[in-house]
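File shown here: structure-v8.txt, holding compact mmCIF, C-alpha atoms and all ligand atoms.
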```
# COMPACT_ATOMS: atom_id res chain seq x y z
CA MET I 39 -235.93 -46.37 -14.24
CA LYS I 40 -236.42 -42.69 -14.95
CA PHE I 41 -237.38 -41.10 -18.27
CA GLU I 42 -237.04 -37.34 -18.83
CA VAL I 43 -238.72 -36.13 -22.01
CA LEU I 44 -237.93 -32.81 -23.72
CA THR I 45 -240.80 -31.68 -25.96
CA ILE I 46 -242.95 -28.68 -26.93
CA PHE I 47 -246.06 -30.85 -26.52
CA PRO I 48 -245.86 -32.30 -22.99
CA GLU I 49 -249.56 -33.21 -23.09
CA ILE I 50 -248.87 -35.90 -25.72
CA ILE I 51 -246.56 -37.73 -23.29
CA GLU I 52 -248.54 -37.01 -20.10
CA CYS I 53 -251.80 -38.30 -21.58
CA TYR I 54 -250.40 -41.60 -22.86
CA ILE I 55 -248.38 -42.60 -19.78
CA LYS I 56 -251.44 -42.64 -17.51
CA HIS I 57 -252.86 -45.76 -19.17
CA GLY I 58 -252.19 -49.51 -19.27
CA VAL I 59 -248.90 -51.11 -18.39
CA LEU I 60 -247.19 -47.73 -18.16
CA GLY I 61 -249.81 -46.38 -15.78
CA LYS I 62 -249.43 -49.44 -13.53
CA ALA I 63 -245.64 -49.22 -13.59
CA LEU I 64 -245.84 -45.53 -12.63
CA ASN I 65 -248.23 -46.33 -9.75
CA LYS I 66 -245.96 -49.14 -8.58
CA GLY I 67 -242.99 -46.75 -8.65
CA ILE I 68 -241.15 -49.04 -11.08
CA VAL I 69 -240.74 -46.14 -13.47
CA GLU I 70 -240.75 -42.35 -13.27
CA VAL I 71 -241.50 -40.09 -16.22
CA LYS I 72 -240.80 -36.36 -16.05
CA VAL I 73 -241.80 -34.20 -19.00
CA TYR I 74 -240.16 -30.83 -19.70
CA ASN I 75 -241.63 -28.21 -22.03
CA LEU I 76 -238.83 -26.80 -24.17
CA ARG I 77 -240.67 -23.47 -24.24
CA ASP I 78 -239.82 -23.12 -20.55
CA PHE I 79 -236.16 -23.01 -21.58
CA THR I 80 -236.44 -20.12 -24.03
CA SER I 81 -235.28 -16.59 -23.29
CA ASP I 82 -237.72 -14.48 -25.29
CA LYS I 83 -241.20 -13.37 -24.29
CA HIS I 84 -242.78 -15.26 -27.19
CA LYS I 85 -241.08 -18.51 -26.07
CA LYS I 86 -239.81 -18.99 -29.60
CA VAL I 87 -238.39 -22.48 -30.33
CA ASP I 88 -237.81 -22.39 -34.08
CA ASP I 89 -236.50 -20.16 -36.85
CA TYR I 90 -235.93 -20.13 -40.61
CA PRO I 91 -233.22 -22.47 -41.93
CA TYR I 92 -229.81 -21.06 -42.87
CA GLY I 93 -229.27 -21.78 -46.55
CA GLY I 94 -233.00 -21.48 -47.28
CA GLY I 95 -235.49 -24.30 -47.86
CA ALA I 96 -238.99 -25.15 -46.70
CA GLY I 97 -240.21 -25.17 -43.13
CA MET I 98 -238.71 -24.18 -39.81
CA VAL I 99 -235.81 -25.56 -37.79
CA MET I 100 -235.87 -25.90 -34.01
CA GLN I 101 -233.22 -23.72 -32.37
CA ILE I 102 -230.44 -25.15 -30.21
CA GLU I 103 -230.84 -22.80 -27.23
CA PRO I 104 -233.95 -24.38 -25.58
CA PHE I 105 -232.45 -27.87 -25.99
CA TYR I 106 -229.10 -26.71 -24.58
CA ASN I 107 -230.72 -24.94 -21.61
CA ALA I 108 -232.94 -27.94 -20.83
CA ILE I 109 -230.05 -30.43 -21.07
CA MET I 110 -227.83 -28.27 -18.82
CA HIS I 111 -230.72 -27.99 -16.35
CA LEU I 112 -231.04 -31.78 -16.18
CA LYS I 113 -227.26 -32.32 -15.96
CA ALA I 114 -227.03 -29.95 -12.95
CA ASP I 115 -227.78 -32.91 -10.62
CA GLU I 116 -224.70 -34.66 -12.06
CA LYS I 117 -226.54 -38.01 -12.13
CA PRO I 118 -225.72 -40.36 -15.04
CA ARG I 119 -228.27 -40.46 -17.84
CA LYS I 120 -228.38 -41.56 -21.50
CA LEU I 121 -229.43 -38.75 -23.83
CA VAL I 122 -231.32 -40.03 -26.86
CA LEU I 123 -232.40 -37.88 -29.80
CA LEU I 124 -235.38 -39.27 -31.75
CA SER I 125 -235.03 -38.84 -35.50
CA PRO I 126 -235.56 -40.68 -38.81
CA GLN I 127 -231.77 -40.60 -39.29
CA GLY I 128 -230.99 -42.54 -36.14
CA ARG I 129 -229.94 -46.11 -35.47
CA LYS I 130 -232.90 -48.51 -35.81
CA PHE I 131 -234.75 -49.19 -32.54
CA THR I 132 -235.35 -52.92 -32.00
CA GLN I 133 -236.42 -55.22 -29.17
CA LYS I 134 -232.74 -55.95 -28.56
CA LEU I 135 -231.99 -52.22 -28.20
CA ALA I 136 -234.96 -51.90 -25.82
CA GLN I 137 -233.42 -54.70 -23.73
CA LYS I 138 -230.02 -52.96 -23.82
CA PHE I 139 -231.52 -49.64 -22.70
CA MET I 140 -233.39 -51.37 -19.85
CA GLU I 141 -230.25 -53.20 -18.68
CA GLU I 142 -227.76 -50.34 -19.06
CA SER I 143 -229.60 -47.12 -18.30
CA LYS I 144 -230.96 -46.00 -14.93
CA ALA I 145 -232.16 -42.78 -16.55
CA MET I 146 -232.85 -41.76 -20.14
CA VAL I 147 -233.49 -38.33 -21.62
CA LEU I 148 -235.68 -38.56 -24.74
CA ILE I 149 -235.28 -35.48 -26.91
CA CYS I 150 -238.21 -34.77 -29.22
CA GLY I 151 -237.88 -32.54 -32.25
CA ARG I 152 -240.71 -31.15 -34.40
CA TYR I 153 -241.07 -29.38 -37.75
CA GLU I 154 -238.39 -30.02 -40.37
CA GLY I 155 -235.77 -30.96 -37.85
CA ILE I 156 -233.59 -29.50 -35.17
CA ASP I 157 -230.33 -27.55 -35.26
CA GLU I 158 -227.55 -30.09 -35.95
CA ARG I 159 -225.48 -28.69 -33.08
CA VAL I 160 -227.90 -30.30 -30.58
CA LYS I 161 -226.32 -33.65 -31.49
CA ALA I 162 -223.09 -32.55 -29.74
CA PHE I 163 -224.97 -33.00 -26.45
CA VAL I 164 -226.63 -36.38 -27.06
CA ASP I 165 -225.34 -39.97 -26.69
CA GLU I 166 -227.49 -41.68 -29.32
CA GLU I 167 -229.75 -40.82 -32.23
CA VAL I 168 -232.55 -43.40 -32.58
CA SER I 169 -235.18 -44.07 -35.25
CA ILE I 170 -238.24 -46.22 -34.58
CA GLY I 171 -238.69 -46.93 -38.31
CA ASP I 172 -238.18 -45.84 -41.89
CA TYR I 173 -240.98 -43.29 -42.04
CA VAL I 174 -241.22 -39.61 -41.04
CA LEU I 175 -243.39 -38.59 -38.09
CA SER I 176 -244.52 -35.01 -37.34
CA GLY I 177 -242.52 -35.12 -34.13
CA GLY I 178 -240.41 -37.23 -31.85
CA GLU I 179 -243.09 -37.63 -29.16
CA LEU I 180 -244.62 -40.79 -30.66
CA ALA I 181 -241.14 -42.27 -31.04
CA ALA I 182 -240.35 -41.38 -27.41
CA LEU I 183 -243.53 -43.15 -26.27
CA VAL I 184 -242.62 -46.24 -28.30
CA ILE I 185 -239.26 -46.38 -26.54
CA ILE I 186 -240.72 -45.76 -23.06
CA ASP I 187 -243.46 -48.38 -23.55
CA SER I 188 -241.19 -51.11 -24.94
CA VAL I 189 -238.44 -50.53 -22.35
CA VAL I 190 -240.83 -50.39 -19.36
CA ARG I 191 -242.44 -53.72 -20.38
CA LEU I 192 -239.01 -55.31 -19.93
CA ILE I 193 -238.49 -54.06 -16.37
CA PRO I 194 -238.94 -57.00 -13.94
CA GLY I 195 -242.33 -56.67 -12.25
CA ALA I 196 -243.73 -54.17 -14.77
CA LEU I 197 -246.04 -56.71 -16.44
CA GLY I 198 -247.29 -58.17 -13.18
CA ASP I 199 -247.34 -61.98 -13.31
CA GLU I 200 -248.45 -62.37 -16.95
CA LEU I 201 -245.75 -63.79 -19.24
CA SER I 202 -244.43 -61.39 -21.85
CA ALA I 203 -244.64 -63.96 -24.65
CA VAL I 204 -244.44 -61.32 -27.35
CA GLU I 205 -241.14 -59.96 -26.06
CA ASP I 206 -239.76 -63.47 -25.68
CA SER I 207 -240.53 -64.34 -29.29
CA PHE I 208 -238.96 -61.15 -30.64
CA MET I 209 -235.85 -61.72 -28.51
CA LYS I 210 -235.58 -65.23 -29.93
CA GLY I 211 -235.79 -63.85 -33.46
CA PHE I 212 -239.33 -64.53 -34.67
CA LEU I 213 -242.86 -63.15 -34.56
CA ASP I 214 -245.54 -64.10 -32.04
CA TYR I 215 -247.89 -67.09 -32.34
CA PRO I 216 -251.69 -66.63 -32.88
CA HIS I 217 -253.81 -66.03 -29.77
CA TYR I 218 -257.44 -67.11 -29.13
CA THR I 219 -259.93 -66.76 -26.29
CA ARG I 220 -263.66 -67.44 -25.70
CA PRO I 221 -265.94 -68.16 -27.49
CA GLU I 222 -264.72 -71.43 -29.01
CA ASP I 223 -266.96 -70.89 -32.07
CA PHE I 224 -267.69 -67.38 -33.32
CA LYS I 225 -270.07 -67.46 -36.33
CA GLY I 226 -268.46 -70.74 -37.44
CA MET I 227 -264.90 -69.49 -36.90
CA LYS I 228 -263.52 -72.15 -34.57
CA VAL I 229 -260.54 -72.11 -32.20
CA PRO I 230 -257.87 -74.62 -33.39
CA GLU I 231 -258.56 -78.00 -31.75
CA VAL I 232 -255.01 -78.37 -30.45
CA LEU I 233 -255.53 -75.37 -28.13
CA LEU I 234 -258.48 -77.17 -26.50
CA SER I 235 -256.56 -80.45 -26.09
CA GLY I 236 -254.78 -79.68 -22.83
CA ASP I 237 -251.68 -81.31 -24.32
CA HIS I 238 -249.12 -78.63 -23.45
CA LYS I 239 -246.35 -80.24 -25.49
CA LYS I 240 -248.52 -80.36 -28.60
CA ILE I 241 -249.71 -76.79 -27.95
CA ALA I 242 -246.12 -75.51 -27.59
CA LEU I 243 -245.11 -77.22 -30.84
CA TRP I 244 -248.18 -75.84 -32.66
CA ARG I 245 -247.40 -72.33 -31.41
CA LYS I 246 -243.78 -72.57 -32.50
CA ARG I 247 -244.81 -73.79 -35.98
CA GLN I 248 -247.32 -70.94 -36.30
CA ALA I 249 -244.76 -68.36 -35.12
CA LEU I 250 -242.19 -69.60 -37.63
CA LYS I 251 -244.85 -69.74 -40.38
CA ASN I 252 -245.87 -66.13 -39.65
CA THR I 253 -242.24 -65.03 -39.56
CA LEU I 254 -241.41 -66.80 -42.84
CA LYS I 255 -244.40 -65.07 -44.46
CA ASN I 256 -244.09 -61.55 -43.07
CA ARG I 257 -240.55 -61.08 -41.72
CA PRO I 258 -238.13 -63.63 -43.24
CA ASP I 259 -235.35 -61.15 -42.38
CA LEU I 260 -235.77 -62.10 -38.71
CA LEU I 261 -235.02 -65.78 -39.41
CA LYS I 262 -231.35 -66.05 -38.54
CA ASN I 263 -229.47 -67.87 -35.75
CA LEU I 264 -232.32 -70.38 -35.37
CA SER I 265 -231.76 -73.39 -33.12
CA PRO I 266 -231.43 -76.77 -34.91
CA GLU I 267 -234.94 -77.70 -33.66
CA ASP I 268 -236.47 -74.47 -35.01
CA MET I 269 -234.58 -74.94 -38.28
CA ARG I 270 -236.05 -78.49 -38.53
CA ILE I 271 -239.58 -77.12 -38.01
CA LEU I 272 -238.95 -74.34 -40.53
CA LYS I 273 -237.76 -76.84 -43.16
CA GLU I 274 -241.00 -78.80 -42.69
CA LEU I 275 -242.91 -75.60 -43.50
CA CYS I 276 -241.03 -74.95 -46.73
N1 LIG R 301 -238.37 -42.92 -36.74
C1 LIG R 301 -238.79 -41.58 -36.82
C2 LIG R 301 -238.51 -40.53 -35.94
C3 LIG R 301 -239.11 -39.42 -36.48
C4 LIG R 301 -239.10 -38.05 -35.97
C5 LIG R 301 -238.49 -37.59 -34.84
C6 LIG R 301 -238.65 -36.21 -34.69
C7 LIG R 301 -239.37 -35.60 -35.68
S1 LIG R 301 -239.83 -36.80 -36.82
N2 LIG R 301 -239.74 -39.77 -37.60
N3 LIG R 301 -239.51 -41.12 -37.81
```
Take the structure in the file and give it back as structure tokens.
Amino acid sequence: MKFEVLTIFPEIIECYIKHGVLGKALNKGIVEVKVYNLRDFTSDKHKKVDDYPYGGGAGMVMQIEPFYNAIMHLKADEKPRKLVLLSPQGRKFTQKLAQKFMEESKAMVLICGRYEGIDERVKAFVDEEVSIGDYVLSGGELAALVIIDSVVRLIPGALGDELSAVEDSFMKGFLDYPHYTRPEDFKGMKVPEVLLSGDHKKIALWRKRQALKNTLKNRPDLLKNLSPEDMRILKELC
């Protein structure tokens, strides 16, 4: 899978992708990330990327020309790619959308705006507008990293041999179960006995109950389309 990121702060992307799961996936060649500085696609000596808004108002608006030039540069190889604009106005990014992107796209262009927004005409050249949440960031770079990280984790082989339990739970519609590791007793705070029992059936049931309990408490909106077994467990909790 290939990600191409358009930004005026390439360092933000380049620094993050060197670490952790992303770093390993890059080294394994499972994923490629190319970052393009929009300033390299300007035509003035000051590499200007923004200007005052037509109609007045606070702040600056990013101009269409650098985005257009960068997109045309990428499209010159005529390879298929999904162009995604990050913005608070976009469709909500979820684990299911991450799965869809991983399954359907060989290459994604992540377009990062800054300031008070970007010229609306840029949207004529994108496939999707995506929001990672109902809050405003200073720029699209963090949102782009969220998408890269969550999509790469889903690529077969990216996580090595460890199970991606967290992704599984979100895909099934509830939050993750609690995790513990050594020591068994930390200042009197003990690991739940069931996890020391070696009884995998009991452990699996305990984890499911805890996951449903957490979901009921913090994200009841996720609790739909439960299996009859999960519904039975949930009813016991109520
Ligand atoms: N979900 C989300 C995206 C954004 C921004 C994208 C570009 C500038 S601000 N804020 N919140």
In terms of all atoms listed in the file, the residue from I:Leu234, I:Leu264, I:Ile185, I:Leu254 at minimal distance from ligand LIG 301 (chain R) is I:Ile185
All residues within 12 Å of ligand LIG 301 (chain R) are required, counting only C-alpha atoms and all ligand atoms; please report them as an MDAnalysis selection string.
-> chainID I and resid 44:46 99:100 122:132 148:156 167:185
What separation in Å, quoted to one decimal, exists between CA of His217 (chain I) and CA of Met140 (chain I)?
-> 27.0 Å
So what do you get for CA of Val69 (chain I) versus CA of Lys40 (chain I), distance-wise?
->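 Atom-to-atom, CA of Val69 (chain I) and CA of Lys40 (chain I) are spaced 5.7 Å apart.
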Please list as a JSON list (two decimals) with C-alpha atoms, in the coordinates of the input every residue within 12 Å of Gly61 (chain I), counting only C-alpha atoms and excluding residues in the same chain fewer than 2 positions away.
```json
[["chain", "number", "residue", "atom", "x", "y", "z"],
["I", 51, "ILE", "CA", -246.56, -37.73, -23.29],
["I", 52, "GLU", "CA", -248.54, -37.01, -20.10],
["I", 53, "CYS", "CA", -251.80, -38.30, -21.58],
["I", 54, "TYR", "CA", -250.40, -41.60, -22.86],
["I", 55, "ILE", "CA", -248.38, -42.60, -19.78],
["I", 56, "LYS", "CA", -251.44, -42.64, -17.51],
["I", 57, "HIS", "CA", -252.86, -45.76, -19.17],
["I", 58, "GLY", "CA", -252.19, -49.51, -19.27],
["I", 59, "VAL", "CA", -248.90, -51.11, -18.39],
["I", 63, "ALA", "CA", -245.64, -49.22, -13.59],
["I", 64, "LEU", "CA", -245.84, -45.53, -12.63],
["I", 65, "ASN", "CA", -248.23, -46.33, -9.75],
["I", 66, "LYS", "CA", -245.96, -49.14, -8.58],
["I", 67, "GLY", "CA", -242.99, -46.75, -8.65],
["I", 68, "ILE", "CA", -241.15, -49.04, -11.08],
["I", 69, "VAL", "CA", -240.74, -46.14, -13.47],
["I", 70, "GLU", "CA", -240.75, -42.35, -13.27],
["I", 71, "VAL", "CA", -241.50, -40.09, -16.22],
["I", 186, "ILE", "CA", -240.72, -45.76, -23.06],
["I", 187, "ASP", "CA", -243.46, -48.38, -23.55],
["I", 190, "VAL", "CA", -240.83, -50.39, -19.36],
["I", 191, "ARG", "CA", -242.44, -53.72, -20.38],
["I", 196, "ALA", "CA", -243.73, -54.17, -14.77],
["I", 197, "LEU", "CA", -246.04, -56.71, -16.44]]
```
Straight-line distance linking CA of Val73 (chain I) with CA of Lys161 (chain I), stated in Å to one decimal | 19.9 Å
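In terms of minimum interatomic distance to Lys120 (chain I), I:Ser143 ranks closest within I:Asn107, I:Gln101, I:Gln248, I:Ser143, counting all atoms listed in the file.
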Return the padded bounding box of region 182-186 of chain I as JSON: axis-aligned, built from all atoms listed in the file, 6 Å added on each side, with centre and edge lengths in Å to one decimal.
```
{"center_x": -241.4, "center_y": -43.9, "center_z": -25.7, "size_x": 16.3, "size_y": 17.0, "size_z": 17.2}
```
Proximity to Ile193 (chain I) - best of I:Gln137, I:Asn263, I:Ser235, I:Ser207, only C-alpha atoms |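 That would be I:Gln137, the residue with the smallest distance to Ile193 (chain I).
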Between I:Leu76, I:Val147, I:Val232, I:Val87, which is the closest to Glu42 (chain I) once you count only C-alpha atoms?
->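 Of the candidates, the smallest distance to Glu42 (chain I) is held by I:Val147.
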Taking (-227.6, -46.9, -17.2) in the file's coordinates, which residues come within 12 Å, counting all atoms listed in the file, written as an NGL selection string?
-> :I and (39-41 or 117-121 or 137-147 or 165)
Same residues, C-alpha atoms, saved as a PDB file, in the coordinates of the input:
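Generated file (part.pdb):
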```
ATOM      1  CA  MET I  39    -235.930 -46.370 -14.240  1.00  0.00           C
ATOM      2  CA  LYS I  40    -236.420 -42.690 -14.950  1.00  0.00           C
ATOM      3  CA  PHE I  41    -237.380 -41.100 -18.270  1.00  0.00           C
ATOM      4  CA  LYS I 117    -226.540 -38.010 -12.130  1.00  0.00           C
ATOM      5  CA  PRO I 118    -225.720 -40.360 -15.040  1.00  0.00           C
ATOM      6  CA  ARG I 119    -228.270 -40.460 -17.840  1.00  0.00           C
ATOM      7  CA  LYS I 120    -228.380 -41.560 -21.500  1.00  0.00           C
ATOM      8  CA  LEU I 121    -229.430 -38.750 -23.830  1.00  0.00           C
ATOM      9  CA  GLN I 137    -233.420 -54.700 -23.730  1.00  0.00           C
ATOM     10  CA  LYS I 138    -230.020 -52.960 -23.820  1.00  0.00           C
ATOM     11  CA  PHE I 139    -231.520 -49.640 -22.700  1.00  0.00           C
ATOM     12  CA  MET I 140    -233.390 -51.370 -19.850  1.00  0.00           C
ATOM     13  CA  GLU I 141    -230.250 -53.200 -18.680  1.00  0.00           C
ATOM     14  CA  GLU I 142    -227.760 -50.340 -19.060  1.00  0.00           C
ATOM     15  CA  SER I 143    -229.600 -47.120 -18.300  1.00  0.00           C
ATOM     16  CA  LYS I 144    -230.960 -46.000 -14.930  1.00  0.00           C
ATOM     17  CA  ALA I 145    -232.160 -42.780 -16.550  1.00  0.00           C
ATOM     18  CA  MET I 146    -232.850 -41.760 -20.140  1.00  0.00           C
ATOM     19  CA  VAL I 147    -233.490 -38.330 -21.620  1.00  0.00           C
ATOM     20  CA  ASP I 165    -225.340 -39.970 -26.690  1.00  0.00           C
TER      21      ASP I 165
END
```
Show which residues sit within 9 Å of Lys246 (chain I), as a ChimeraX atom specification. Count all atoms listed in the file, and ignore same-chain residues fewer than 5 positions away.
-> /I:214-215,241,251,268,271
Selected residue, from I:Lys210, I:Lys240, I:Arg220, I:Lys225, that lies nearest to Leu261 (chain I) when counting only C-alpha atoms = I:Lys210
Test item: residues at most 8 Å from Met209 (chain I), all atoms listed in the file, excluding those fewer than 3 positions along its chain, as an NGL selection string = :I and (133-134 or 205-206 or 212)
Can you patch up region 264-275 of chain I, filling it in to all heavy atoms, and show the result as a short mmCIF file (atom, residue, chain, number, x, y, z; two decimals), in the frame of the given file?
```cif
data_model
loop_
_atom_site.label_atom_id
_atom_site.label_comp_id
_atom_site.auth_asym_id
_atom_site.auth_seq_id
_atom_site.Cartn_x
_atom_site.Cartn_y
_atom_site.Cartn_z
N LEU I 264 -231.30 -69.49 -35.94
CA LEU I 264 -232.32 -70.38 -35.37
C LEU I 264 -231.65 -71.59 -34.74
O LEU I 264 -230.60 -72.04 -35.19
CB LEU I 264 -233.29 -70.84 -36.47
CG LEU I 264 -234.26 -69.79 -37.03
CD1 LEU I 264 -235.15 -70.42 -38.11
CD2 LEU I 264 -235.12 -69.20 -35.93
N SER I 265 -232.28 -72.15 -33.72
CA SER I 265 -231.76 -73.39 -33.12
C SER I 265 -231.98 -74.52 -34.13
O SER I 265 -232.85 -74.40 -35.03
CB SER I 265 -232.55 -73.70 -31.83
OG SER I 265 -233.88 -74.09 -32.17
N PRO I 266 -231.24 -75.63 -33.98
CA PRO I 266 -231.43 -76.77 -34.91
C PRO I 266 -232.88 -77.26 -34.93
O PRO I 266 -233.43 -77.55 -35.99
CB PRO I 266 -230.48 -77.84 -34.34
CG PRO I 266 -229.43 -77.08 -33.58
CD PRO I 266 -230.13 -75.86 -33.03
N GLU I 267 -233.54 -77.26 -33.75
CA GLU I 267 -234.94 -77.70 -33.66
C GLU I 267 -235.84 -76.75 -34.46
O GLU I 267 -236.68 -77.18 -35.24
CB GLU I 267 -235.37 -77.75 -32.18
CG GLU I 267 -236.88 -77.96 -31.94
CD GLU I 267 -237.41 -79.27 -32.51
OE1 GLU I 267 -236.62 -80.09 -32.99
OE2 GLU I 267 -238.65 -79.45 -32.54
N ASP I 268 -235.63 -75.44 -34.27
CA ASP I 268 -236.47 -74.47 -35.01
C ASP I 268 -236.19 -74.57 -36.51
O ASP I 268 -237.09 -74.44 -37.33
CB ASP I 268 -236.16 -73.04 -34.51
CG ASP I 268 -236.65 -72.84 -33.08
OD1 ASP I 268 -237.45 -73.69 -32.61
OD2 ASP I 268 -236.22 -71.86 -32.44
N MET I 269 -234.94 -74.79 -36.86
CA MET I 269 -234.58 -74.94 -38.28
C MET I 269 -235.30 -76.16 -38.86
O MET I 269 -235.83 -76.12 -39.98
CB MET I 269 -233.06 -75.09 -38.41
CG MET I 269 -232.55 -75.05 -39.82
SD MET I 269 -233.09 -73.54 -40.68
CE MET I 269 -231.83 -72.42 -40.13
N ARG I 270 -235.37 -77.26 -38.06
CA ARG I 270 -236.05 -78.49 -38.53
C ARG I 270 -237.52 -78.19 -38.80
O ARG I 270 -238.08 -78.52 -39.85
CB ARG I 270 -235.92 -79.59 -37.48
CG ARG I 270 -236.46 -80.96 -37.89
CD ARG I 270 -236.48 -81.93 -36.75
NE ARG I 270 -237.39 -81.49 -35.67
CZ ARG I 270 -238.73 -81.55 -35.78
NH1 ARG I 270 -239.29 -81.98 -36.90
NH2 ARG I 270 -239.49 -81.14 -34.79
N ILE I 271 -238.16 -77.47 -37.87
CA ILE I 271 -239.58 -77.12 -38.01
C ILE I 271 -239.77 -76.24 -39.24
O ILE I 271 -240.67 -76.42 -40.04
CB ILE I 271 -240.10 -76.40 -36.75
CG1 ILE I 271 -240.04 -77.32 -35.53
CG2 ILE I 271 -241.52 -75.88 -36.96
CD1 ILE I 271 -240.30 -76.61 -34.20
N LEU I 272 -238.85 -75.26 -39.40
CA LEU I 272 -238.95 -74.34 -40.53
C LEU I 272 -238.85 -75.09 -41.86
O LEU I 272 -239.62 -74.85 -42.80
CB LEU I 272 -237.84 -73.28 -40.43
CG LEU I 272 -237.88 -72.14 -41.43
CD1 LEU I 272 -239.14 -71.30 -41.24
CD2 LEU I 272 -236.64 -71.25 -41.29
N LYS I 273 -237.94 -76.07 -41.90
CA LYS I 273 -237.76 -76.84 -43.16
C LYS I 273 -239.03 -77.62 -43.49
O LYS I 273 -239.42 -77.74 -44.66
CB LYS I 273 -236.56 -77.79 -43.03
CG LYS I 273 -235.23 -77.05 -43.18
CD LYS I 273 -234.03 -77.96 -43.13
CE LYS I 273 -232.73 -77.16 -43.40
NZ LYS I 273 -231.58 -77.76 -42.72
N GLU I 274 -239.73 -78.07 -42.45
CA GLU I 274 -241.00 -78.80 -42.69
C GLU I 274 -242.02 -77.87 -43.34
O GLU I 274 -242.89 -78.28 -44.09
CB GLU I 274 -241.58 -79.30 -41.36
CG GLU I 274 -240.92 -80.52 -40.77
CD GLU I 274 -241.50 -80.83 -39.38
OE1 GLU I 274 -242.49 -80.16 -38.96
OE2 GLU I 274 -240.97 -81.73 -38.71
N LEU I 275 -241.91 -76.56 -43.00
CA LEU I 275 -242.91 -75.60 -43.50
C LEU I 275 -242.64 -75.22 -44.95
O LEU I 275 -243.51 -74.68 -45.64
CB LEU I 275 -242.88 -74.33 -42.62
CG LEU I 275 -243.32 -74.49 -41.16
CD1 LEU I 275 -242.98 -73.23 -40.36
CD2 LEU I 275 -244.81 -74.81 -41.09
#
```
